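To keep things clear, I will list the structure first and then write my remarks on it.
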Amino acid sequence: MTKKKRTQLLLKYICMTALMLVVLIPVYYLIVTTFKTSAEATEAPMALPSSFDLSGYADAFQKMQYPRAFANTLIITVCSVVGIIIFSAMCGYVLNRKGNRKLSRFTFTLLLSGMLFPYQMSILGLYRLIRGMGLMNNLVSVILIDIACNIPFATFMFKNFVSTIPVELEEAARIDGAGTLRTFWTIDFPLMKPIVATVAILNSLTIWNDFMGPLYFLQVREKDVLLQEIYRNVGQFSTDWTSLFQMLVLGALPLLLFYLFMQRYIIGGVMNGSLKG
């Protein structure tokens with residue numbers, strides 16, 4: 001190895017190490033602070049705690065009414081993701097197989113236009129709509145908004161992925177007497193597992209971490225999600241940072257476990273969906 005290559009390799013390792021520290025230091029600070037008292041967190045923010053006491057987690061679990069908040073968050077996330085997958089898969093399939101028609105191209109363009117503007121820009125209209133439907137302080141309101149806002153990108157991914165499914169399989173099913181719906185659910189949809197997992201992971205991350213939707217449309221504590229309970233710990237004049245960090249860990253832990261379990265499907269789904277347009 002020449003001196004020039006050794007220098008380039010050394011610089012590469014230095015940059016990678018610096019990036020690793022940028023990512024790991026906040027994680028270290030978050031986890032270490034959860035075991036400290038308020039005095040220790042103020043005096044030595046980056047130092048190890050004098051003792052690893054888990055009682056703070058028990059207090060945070062009780063303060064944020066974790067089982068109720070977790071159940072609300074889980075219901076919103078699961079129902080929204082299932083709705084997104086079902087509607088986007090069917091829509092992407094039709095737009096791909098009928099993509100040469102003018103109506104299909106217009107519909108696809110109209111759907112993609114939904115990705116240009118964040119739904120926060122229309123929050124006033126959504127608020128009036130949800131209030132007029134009588135869905136305020138109802139989990140259904142947030143679920144419907146999450147489905148509507150995330151369908152465009154999911155449809156785009158499903159439409160591209162359908163191109164990788166041979167048309168001959170569908171033709172064989174039709175020869176055997178299967179209709180369009182039966183062909184889709186028995187032939188095409190089982191072959192979409194990689195992109196289904198990818199859409200499920202990406203939208204679960206987005207919906208689980210959504211704060212604005214529940215903040216506007218769920219205004220009673222019985223319907224609060226985890227992020228709202230965490231935000232209750234932030235006072236107008238003071239904040240209990242130790243309890244806040246423990247709540248952050250409890251709120252992110254389920255999503256972290258889900259991501260670690262499902263991450264192997266992400267690369268396959270994204271790559272397969274980008275092979276053909």
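Ordered as shown in the structure tokens, chains take letters A, B, and onward, while each chain numbers its residues from 1 and ligands are numbered from 1 in the order shown.
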
Would you mind listing, for every residue of range 45-123 of chain A within 10 Å of range 197-206 of chain A, the two atoms forming the shortest contact and the distance between them in Å to one decimal, using only C-alpha atoms, sorted by chain and ascending residue number, as JSON lines?
```
{"residue": "A:Leu74", "atom": "CA", "partner": "A:Ser204", "partner_atom": "CA", "distance": 9.6}
{"residue": "A:Ile76", "atom": "CA", "partner": "A:Ser204", "partner_atom": "CA", "distance": 9.7}
{"residue": "A:Thr77", "atom": "CA", "partner": "A:Ser204", "partner_atom": "CA", "distance": 6.1}
{"residue": "A:Val78", "atom": "CA", "partner": "A:Ser204", "partner_atom": "CA", "distance": 7.8}
{"residue": "A:Ser80", "atom": "CA", "partner": "A:Asn203", "partner_atom": "CA", "distance": 8.5}
{"residue": "A:Val81", "atom": "CA", "partner": "A:Ala200", "partner_atom": "CA", "distance": 6.0}
{"residue": "A:Val82", "atom": "CA", "partner": "A:Ala200", "partner_atom": "CA", "distance": 8.0}
{"residue": "A:Ile84", "atom": "CA", "partner": "A:Val199", "partner_atom": "CA", "distance": 8.4}
{"residue": "A:Ile85", "atom": "CA", "partner": "A:Val199", "partner_atom": "CA", "distance": 7.2}
{"residue": "A:Ser88", "atom": "CA", "partner": "A:Val199", "partner_atom": "CA", "distance": 9.6}
```

Take the residues that were just selected and, keeping N, CA, C and O atoms, output them as a short mmCIF file (atom, residue, chain, number, x, y, z; two decimals), in the first residue's frame.
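Okay, out-v9.cif is ready:
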```cif
data_model
loop_
_atom_site.label_atom_id
_atom_site.label_comp_id
_atom_site.auth_asym_id
_atom_site.auth_seq_id
_atom_site.Cartn_x
_atom_site.Cartn_y
_atom_site.Cartn_z
N LEU A 74 -50.22 2.85 19.97
CA LEU A 74 -50.18 1.60 19.21
C LEU A 74 -51.41 1.47 18.31
O LEU A 74 -51.29 1.06 17.14
N ILE A 76 -53.28 3.89 17.04
CA ILE A 76 -53.17 4.84 15.93
C ILE A 76 -52.17 4.35 14.91
O ILE A 76 -52.43 4.37 13.69
N THR A 77 -51.01 3.88 15.35
CA THR A 77 -49.96 3.45 14.43
C THR A 77 -50.37 2.22 13.64
O THR A 77 -50.24 2.19 12.41
N VAL A 78 -50.88 1.20 14.31
CA VAL A 78 -51.25 -0.05 13.63
C VAL A 78 -52.38 0.19 12.63
O VAL A 78 -52.31 -0.24 11.47
N SER A 80 -53.36 2.97 11.22
CA SER A 80 -52.93 3.85 10.13
C SER A 80 -52.06 3.09 9.13
O SER A 80 -52.25 3.20 7.91
N VAL A 81 -51.10 2.32 9.63
CA VAL A 81 -50.20 1.59 8.74
C VAL A 81 -50.97 0.54 7.94
O VAL A 81 -50.74 0.37 6.72
N VAL A 82 -51.88 -0.18 8.56
CA VAL A 82 -52.69 -1.18 7.84
C VAL A 82 -53.52 -0.51 6.75
O VAL A 82 -53.59 -0.99 5.61
N ILE A 84 -52.90 2.37 5.25
CA ILE A 84 -51.98 2.86 4.20
C ILE A 84 -51.57 1.72 3.27
O ILE A 84 -51.56 1.87 2.04
N ILE A 85 -51.23 0.58 3.84
CA ILE A 85 -50.77 -0.56 3.03
C ILE A 85 -51.89 -1.06 2.12
O ILE A 85 -51.68 -1.30 0.92
N SER A 88 -52.86 1.80 -0.55
CA SER A 88 -51.75 2.13 -1.44
C SER A 88 -51.39 0.95 -2.33
O SER A 88 -51.02 1.13 -3.50
#
```

Fewer than 6 positions away in the same chain doesn't count, so skip those; otherwise give me all residues within 10 Å of range 178-190 of chain A, counting only C-alpha atoms, as a CSV table (one decimal) with all heavy atoms, in the first residue's frame.
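As a result, out15.csv now contains:
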```csv
chain,number,residue,atom,x,y,z
A,86,ILE,N,-53.1,-1.2,2.7
A,86,ILE,CA,-54.2,-1.8,1.9
A,86,ILE,C,-54.6,-0.8,0.7
A,86,ILE,O,-54.6,-1.3,-0.5
A,86,ILE,CB,-55.4,-2.0,2.8
A,86,ILE,CG1,-55.1,-3.2,3.7
A,86,ILE,CG2,-56.7,-2.3,1.9
A,86,ILE,CD1,-56.2,-3.4,4.7
A,89,ALA,N,-51.5,-0.3,-1.8
A,89,ALA,CA,-51.2,-1.4,-2.6
A,89,ALA,C,-52.2,-1.6,-3.8
A,89,ALA,O,-51.8,-1.8,-4.9
A,89,ALA,CB,-51.2,-2.7,-1.7
A,90,MET,N,-53.4,-1.4,-3.5
A,90,MET,CA,-54.4,-1.6,-4.5
A,90,MET,C,-54.3,-0.4,-5.5
A,90,MET,O,-54.4,-0.6,-6.8
A,90,MET,CB,-55.8,-1.6,-3.9
A,90,MET,CG,-56.2,-2.8,-3.1
A,90,MET,SD,-57.9,-2.9,-2.6
A,90,MET,CE,-58.0,-1.6,-1.5
A,93,TYR,N,-51.2,-0.9,-7.7
A,93,TYR,CA,-51.3,-2.0,-8.6
A,93,TYR,C,-52.1,-1.5,-9.8
A,93,TYR,O,-51.7,-1.8,-11.0
A,93,TYR,CB,-52.1,-3.2,-7.9
A,93,TYR,CG,-52.5,-4.2,-8.9
A,93,TYR,CD1,-51.6,-5.2,-9.3
A,93,TYR,CD2,-53.8,-4.3,-9.3
A,93,TYR,CE1,-52.0,-6.2,-10.2
A,93,TYR,CE2,-54.3,-5.3,-10.1
A,93,TYR,CZ,-53.3,-6.3,-10.6
A,93,TYR,OH,-53.8,-7.3,-11.4
A,94,VAL,N,-53.2,-0.8,-9.6
A,94,VAL,CA,-54.1,-0.4,-10.7
A,94,VAL,C,-53.3,0.7,-11.6
A,94,VAL,O,-53.3,0.6,-12.8
A,94,VAL,CB,-55.4,0.3,-10.2
A,94,VAL,CG1,-56.1,0.9,-11.3
A,94,VAL,CG2,-56.2,-0.8,-9.5
A,162,VAL,N,-44.7,-3.1,-8.3
A,162,VAL,CA,-45.5,-4.0,-9.1
A,162,VAL,C,-44.9,-4.3,-10.4
A,162,VAL,O,-45.1,-5.4,-11.0
A,162,VAL,CB,-46.9,-3.3,-9.3
A,162,VAL,CG1,-47.8,-4.1,-10.3
A,162,VAL,CG2,-47.7,-3.2,-8.0
A,165,ILE,N,-43.2,-7.7,-10.7
A,165,ILE,CA,-44.1,-8.9,-10.7
A,165,ILE,C,-44.5,-9.3,-12.1
A,165,ILE,O,-45.0,-8.5,-12.8
A,165,ILE,CB,-45.4,-8.7,-9.8
A,165,ILE,CG1,-45.0,-8.3,-8.4
A,165,ILE,CG2,-46.2,-9.9,-9.8
A,165,ILE,CD1,-46.2,-8.0,-7.5
A,166,PRO,N,-44.1,-10.5,-12.5
A,166,PRO,CA,-44.4,-10.9,-13.9
A,166,PRO,C,-45.9,-10.9,-14.2
A,166,PRO,O,-46.8,-11.4,-13.4
A,166,PRO,CB,-43.9,-12.4,-14.0
A,166,PRO,CG,-42.9,-12.5,-12.9
A,166,PRO,CD,-43.4,-11.6,-11.8
A,167,VAL,N,-46.3,-10.3,-15.3
A,167,VAL,CA,-47.7,-10.2,-15.8
A,167,VAL,C,-48.2,-11.6,-16.1
A,167,VAL,O,-49.4,-11.9,-16.0
A,167,VAL,CB,-47.8,-9.3,-17.0
A,167,VAL,CG1,-49.3,-9.2,-17.4
A,167,VAL,CG2,-47.3,-7.9,-16.7
A,169,LEU,N,-48.1,-14.3,-14.4
A,169,LEU,CA,-48.7,-14.9,-13.3
A,169,LEU,C,-50.2,-14.5,-13.2
A,169,LEU,O,-51.1,-15.3,-12.9
A,169,LEU,CB,-48.0,-14.5,-12.0
A,169,LEU,CG,-46.6,-15.0,-11.8
A,169,LEU,CD1,-46.0,-14.5,-10.5
A,169,LEU,CD2,-46.5,-16.6,-11.8
A,170,GLU,N,-50.5,-13.3,-13.5
A,170,GLU,CA,-51.8,-12.8,-13.5
A,170,GLU,C,-52.6,-13.4,-14.7
A,170,GLU,O,-53.8,-13.7,-14.5
A,170,GLU,CB,-51.9,-11.3,-13.5
A,170,GLU,CG,-51.1,-10.6,-12.4
A,170,GLU,CD,-51.0,-9.1,-12.6
A,170,GLU,OE1,-51.7,-8.6,-13.5
A,170,GLU,OE2,-50.2,-8.5,-11.9
A,171,GLU,N,-52.0,-13.5,-15.8
A,171,GLU,CA,-52.7,-14.1,-16.9
A,171,GLU,C,-53.1,-15.5,-16.7
A,171,GLU,O,-54.2,-16.0,-17.1
A,171,GLU,CB,-51.8,-13.9,-18.2
A,171,GLU,CG,-51.6,-12.5,-18.6
A,171,GLU,CD,-50.6,-12.4,-19.8
A,171,GLU,OE1,-49.9,-13.4,-20.1
A,171,GLU,OE2,-50.5,-11.3,-20.4
A,172,ALA,N,-52.2,-16.2,-16.0
A,172,ALA,CA,-52.5,-17.6,-15.7
A,172,ALA,C,-53.6,-17.7,-14.7
A,172,ALA,O,-54.5,-18.6,-14.8
A,172,ALA,CB,-51.2,-18.3,-15.1
A,196,VAL,N,-44.1,-4.2,1.3
A,196,VAL,CA,-45.0,-4.0,2.4
A,196,VAL,C,-44.3,-3.7,3.7
A,196,VAL,O,-44.6,-2.9,4.5
A,196,VAL,CB,-45.9,-5.2,2.6
A,196,VAL,CG1,-46.7,-5.2,3.9
A,196,VAL,CG2,-46.9,-5.3,1.4
```

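CA of Thr73 in chain A is found 22.6 Å from CA of Pro152 in chain A.
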
In terms of only C-alpha atoms, the residue from A:Ser51, A:Ser243, A:Thr42, A:Ser104 at minimal distance from Lys159 in chain A is A:Ser104

All residues 7 Å or closer to range 225-233 of chain A, only C-alpha atoms, same chain fewer than 4 positions away omitted, as a VMD selection string: chain A and resid 64 69 to 70 72 to 73 211 239 to 240 244 247 to 248 251

Would you mind exporting the chosen residues as a PDB file, in the first residue's frame, restricted to all heavy atoms?
```
ATOM      1  N   MET A  64     -46.464   9.208  33.432  1.00  0.00           N
ATOM      2  CA  MET A  64     -46.972   9.371  32.072  1.00  0.00           C
ATOM      3  C   MET A  64     -48.105   8.401  31.741  1.00  0.00           C
ATOM      4  O   MET A  64     -48.547   8.352  30.589  1.00  0.00           O
ATOM      5  CB  MET A  64     -45.837   9.206  31.058  1.00  0.00           C
ATOM      6  CG  MET A  64     -45.234   7.807  31.003  1.00  0.00           C
ATOM      7  SD  MET A  64     -43.701   7.711  30.032  1.00  0.00           S
ATOM      8  CE  MET A  64     -44.237   8.312  28.452  1.00  0.00           C
ATOM      9  N   ALA A  69     -51.212   5.487  27.438  1.00  0.00           N
ATOM     10  CA  ALA A  69     -50.611   6.254  26.349  1.00  0.00           C
ATOM     11  C   ALA A  69     -50.021   5.322  25.291  1.00  0.00           C
ATOM     12  O   ALA A  69     -50.131   5.582  24.084  1.00  0.00           O
ATOM     13  CB  ALA A  69     -49.533   7.185  26.895  1.00  0.00           C
ATOM     14  N   PHE A  70     -49.399   4.233  25.729  1.00  0.00           N
ATOM     15  CA  PHE A  70     -48.836   3.266  24.781  1.00  0.00           C
ATOM     16  C   PHE A  70     -49.943   2.621  23.950  1.00  0.00           C
ATOM     17  O   PHE A  70     -49.790   2.432  22.732  1.00  0.00           O
ATOM     18  CB  PHE A  70     -48.052   2.194  25.539  1.00  0.00           C
ATOM     19  CG  PHE A  70     -47.553   1.079  24.664  1.00  0.00           C
ATOM     20  CD1 PHE A  70     -46.424   1.251  23.887  1.00  0.00           C
ATOM     21  CD2 PHE A  70     -48.212  -0.139  24.622  1.00  0.00           C
ATOM     22  CE1 PHE A  70     -45.964   0.226  23.071  1.00  0.00           C
ATOM     23  CE2 PHE A  70     -47.766  -1.166  23.822  1.00  0.00           C
ATOM     24  CZ  PHE A  70     -46.639  -0.986  23.036  1.00  0.00           C
ATOM     25  N   ASN A  72     -52.901   3.886  23.164  1.00  0.00           N
ATOM     26  CA  ASN A  72     -53.404   4.865  22.189  1.00  0.00           C
ATOM     27  C   ASN A  72     -52.442   5.012  21.010  1.00  0.00           C
ATOM     28  O   ASN A  72     -52.862   5.056  19.845  1.00  0.00           O
ATOM     29  CB  ASN A  72     -53.614   6.221  22.866  1.00  0.00           C
ATOM     30  CG  ASN A  72     -54.773   6.218  23.840  1.00  0.00           C
ATOM     31  OD1 ASN A  72     -55.671   5.386  23.753  1.00  0.00           O
ATOM     32  ND2 ASN A  72     -54.748   7.139  24.783  1.00  0.00           N
ATOM     33  N   THR A  73     -51.154   5.115  21.313  1.00  0.00           N
ATOM     34  CA  THR A  73     -50.155   5.248  20.248  1.00  0.00           C
ATOM     35  C   THR A  73     -50.138   4.019  19.364  1.00  0.00           C
ATOM     36  O   THR A  73     -50.044   4.118  18.133  1.00  0.00           O
ATOM     37  CB  THR A  73     -48.760   5.480  20.856  1.00  0.00           C
ATOM     38  OG1 THR A  73     -48.806   6.558  21.781  1.00  0.00           O
ATOM     39  CG2 THR A  73     -47.748   5.804  19.769  1.00  0.00           C
ATOM     40  N   PHE A 211     -46.468  14.355  16.423  1.00  0.00           N
ATOM     41  CA  PHE A 211     -46.884  15.111  17.608  1.00  0.00           C
ATOM     42  C   PHE A 211     -47.994  16.108  17.297  1.00  0.00           C
ATOM     43  O   PHE A 211     -48.909  16.312  18.086  1.00  0.00           O
ATOM     44  CB  PHE A 211     -45.679  15.845  18.201  1.00  0.00           C
ATOM     45  CG  PHE A 211     -46.009  16.705  19.393  1.00  0.00           C
ATOM     46  CD1 PHE A 211     -46.377  16.128  20.601  1.00  0.00           C
ATOM     47  CD2 PHE A 211     -45.964  18.083  19.300  1.00  0.00           C
ATOM     48  CE1 PHE A 211     -46.679  16.921  21.708  1.00  0.00           C
ATOM     49  CE2 PHE A 211     -46.268  18.875  20.398  1.00  0.00           C
ATOM     50  CZ  PHE A 211     -46.629  18.289  21.603  1.00  0.00           C
ATOM     51  N   THR A 239     -38.079  22.525  33.929  1.00  0.00           N
ATOM     52  CA  THR A 239     -38.242  21.191  33.358  1.00  0.00           C
ATOM     53  C   THR A 239     -37.447  20.197  34.185  1.00  0.00           C
ATOM     54  O   THR A 239     -36.280  20.441  34.506  1.00  0.00           O
ATOM     55  CB  THR A 239     -37.745  21.151  31.897  1.00  0.00           C
ATOM     56  OG1 THR A 239     -38.492  22.089  31.124  1.00  0.00           O
ATOM     57  CG2 THR A 239     -37.927  19.764  31.308  1.00  0.00           C
ATOM     58  N   ASP A 240     -38.071  19.086  34.538  1.00  0.00           N
ATOM     59  CA  ASP A 240     -37.383  18.017  35.243  1.00  0.00           C
ATOM     60  C   ASP A 240     -36.707  17.130  34.197  1.00  0.00           C
ATOM     61  O   ASP A 240     -37.305  16.205  33.647  1.00  0.00           O
ATOM     62  CB  ASP A 240     -38.378  17.203  36.076  1.00  0.00           C
ATOM     63  CG  ASP A 240     -37.687  16.166  36.950  1.00  0.00           C
ATOM     64  OD1 ASP A 240     -36.444  16.055  36.860  1.00  0.00           O
ATOM     65  OD2 ASP A 240     -38.378  15.466  37.705  1.00  0.00           O
ATOM     66  N   LEU A 244     -37.782  13.626  32.231  1.00  0.00           N
ATOM     67  CA  LEU A 244     -38.019  13.779  30.797  1.00  0.00           C
ATOM     68  C   LEU A 244     -37.222  12.760  29.997  1.00  0.00           C
ATOM     69  O   LEU A 244     -37.741  12.129  29.076  1.00  0.00           O
ATOM     70  CB  LEU A 244     -37.651  15.196  30.361  1.00  0.00           C
ATOM     71  CG  LEU A 244     -37.787  15.489  28.863  1.00  0.00           C
ATOM     72  CD1 LEU A 244     -39.245  15.398  28.432  1.00  0.00           C
ATOM     73  CD2 LEU A 244     -37.222  16.865  28.533  1.00  0.00           C
ATOM     74  N   MET A 247     -38.686   9.304  30.277  1.00  0.00           N
ATOM     75  CA  MET A 247     -39.880   9.193  29.449  1.00  0.00           C
ATOM     76  C   MET A 247     -39.514   9.054  27.974  1.00  0.00           C
ATOM     77  O   MET A 247     -40.176   8.319  27.223  1.00  0.00           O
ATOM     78  CB  MET A 247     -40.772  10.411  29.662  1.00  0.00           C
ATOM     79  CG  MET A 247     -41.417  10.477  31.035  1.00  0.00           C
ATOM     80  SD  MET A 247     -42.469  11.945  31.209  1.00  0.00           S
ATOM     81  CE  MET A 247     -43.050  11.728  32.898  1.00  0.00           C
ATOM     82  N   LEU A 248     -38.481   9.763  27.554  1.00  0.00           N
ATOM     83  CA  LEU A 248     -38.036   9.649  26.165  1.00  0.00           C
ATOM     84  C   LEU A 248     -37.585   8.230  25.844  1.00  0.00           C
ATOM     85  O   LEU A 248     -37.898   7.687  24.782  1.00  0.00           O
ATOM     86  CB  LEU A 248     -36.906  10.639  25.891  1.00  0.00           C
ATOM     87  CG  LEU A 248     -37.280  12.119  25.819  1.00  0.00           C
ATOM     88  CD1 LEU A 248     -36.034  12.991  25.751  1.00  0.00           C
ATOM     89  CD2 LEU A 248     -38.176  12.384  24.614  1.00  0.00           C
ATOM     90  N   GLY A 251     -40.597   5.984  25.650  1.00  0.00           N
ATOM     91  CA  GLY A 251     -41.380   6.237  24.443  1.00  0.00           C
ATOM     92  C   GLY A 251     -40.726   5.694  23.184  1.00  0.00           C
ATOM     93  O   GLY A 251     -41.421   5.254  22.261  1.00  0.00           O
TER      94      GLY A 251
END
```

So that I can see what lies close to Leu111 in chain A, please list as a PyMOL selection string the residues with an atom at most 9 Å from it, counting only C-alpha atoms and leaving out residues fewer than 6 positions away in the same chain. chain A and resi 151-153+155-156

Take the residues from that selection and write them out as an mmCIF file, in the first residue's frame, keeping all heavy atoms.
```
data_model
loop_
_atom_site.group_PDB
_atom_site.id
_atom_site.type_symbol
_atom_site.label_atom_id
_atom_site.label_comp_id
_atom_site.auth_asym_id
_atom_site.auth_seq_id
_atom_site.Cartn_x
_atom_site.Cartn_y
_atom_site.Cartn_z
ATOM 1 N N ILE A 151 -50.523 8.208 2.034
ATOM 2 C CA ILE A 151 -50.853 7.380 0.876
ATOM 3 C C ILE A 151 -50.034 7.746 -0.373
ATOM 4 O O ILE A 151 -49.595 6.844 -1.102
ATOM 5 C CB ILE A 151 -52.366 7.447 0.584
ATOM 6 C CG1 ILE A 151 -53.102 6.424 1.455
ATOM 7 C CG2 ILE A 151 -52.674 7.192 -0.884
ATOM 8 C CD1 ILE A 151 -54.586 6.361 1.217
ATOM 9 N N PRO A 152 -49.794 9.040 -0.689
ATOM 10 C CA PRO A 152 -49.085 9.351 -1.944
ATOM 11 C C PRO A 152 -47.723 8.669 -2.068
ATOM 12 O O PRO A 152 -47.445 8.018 -3.087
ATOM 13 C CB PRO A 152 -48.942 10.875 -1.888
ATOM 14 C CG PRO A 152 -50.107 11.326 -1.073
ATOM 15 C CD PRO A 152 -50.283 10.271 -0.026
ATOM 16 N N PHE A 153 -46.864 8.793 -1.070
ATOM 17 C CA PHE A 153 -45.536 8.198 -1.174
ATOM 18 C C PHE A 153 -45.606 6.679 -1.179
ATOM 19 O O PHE A 153 -44.875 6.012 -1.927
ATOM 20 C CB PHE A 153 -44.658 8.672 -0.015
ATOM 21 C CG PHE A 153 -43.267 8.116 -0.058
ATOM 22 C CD1 PHE A 153 -42.381 8.494 -1.052
ATOM 23 C CD2 PHE A 153 -42.837 7.192 0.883
ATOM 24 C CE1 PHE A 153 -41.091 7.970 -1.105
ATOM 25 C CE2 PHE A 153 -41.557 6.669 0.842
ATOM 26 C CZ PHE A 153 -40.680 7.059 -0.153
ATOM 27 N N THR A 155 -48.080 4.854 -2.313
ATOM 28 C CA THR A 155 -48.573 4.459 -3.631
ATOM 29 C C THR A 155 -47.456 4.508 -4.663
ATOM 30 O O THR A 155 -47.348 3.626 -5.533
ATOM 31 C CB THR A 155 -49.724 5.388 -4.061
ATOM 32 O OG1 THR A 155 -50.787 5.284 -3.116
ATOM 33 C CG2 THR A 155 -50.243 5.009 -5.439
ATOM 34 N N PHE A 156 -46.624 5.523 -4.582
ATOM 35 C CA PHE A 156 -45.471 5.640 -5.487
ATOM 36 C C PHE A 156 -44.566 4.416 -5.364
ATOM 37 O O PHE A 156 -44.119 3.854 -6.380
ATOM 38 C CB PHE A 156 -44.713 6.919 -5.166
ATOM 39 C CG PHE A 156 -43.407 7.055 -5.890
ATOM 40 C CD1 PHE A 156 -43.380 7.416 -7.230
ATOM 41 C CD2 PHE A 156 -42.213 6.824 -5.234
ATOM 42 C CE1 PHE A 156 -42.170 7.537 -7.900
ATOM 43 C CE2 PHE A 156 -41.006 6.939 -5.901
ATOM 44 C CZ PHE A 156 -40.980 7.299 -7.233
#
```

Of A:Pro45, A:Leu139, A:Phe258, A:Ala148, the one sitting nearest Gly114 in chain A when using only C-alpha atoms is A:Ala148

Could you give me the residues within range 115-262 of chain A that DSSP places in alpha helix (DSSP H), as a PyMOL selection string? chain A and resi 123-132+139-162+167-175+180-183+193-208+212-217+226-231+241-262

From the options A:Asp224, A:Leu95, A:Asn209, A:Pro254, which residue's atoms come nearest to Thr109 in chain A, counting only C-alpha atoms?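 For Thr109 in chain A, the nearest of the candidates is A:Leu95.
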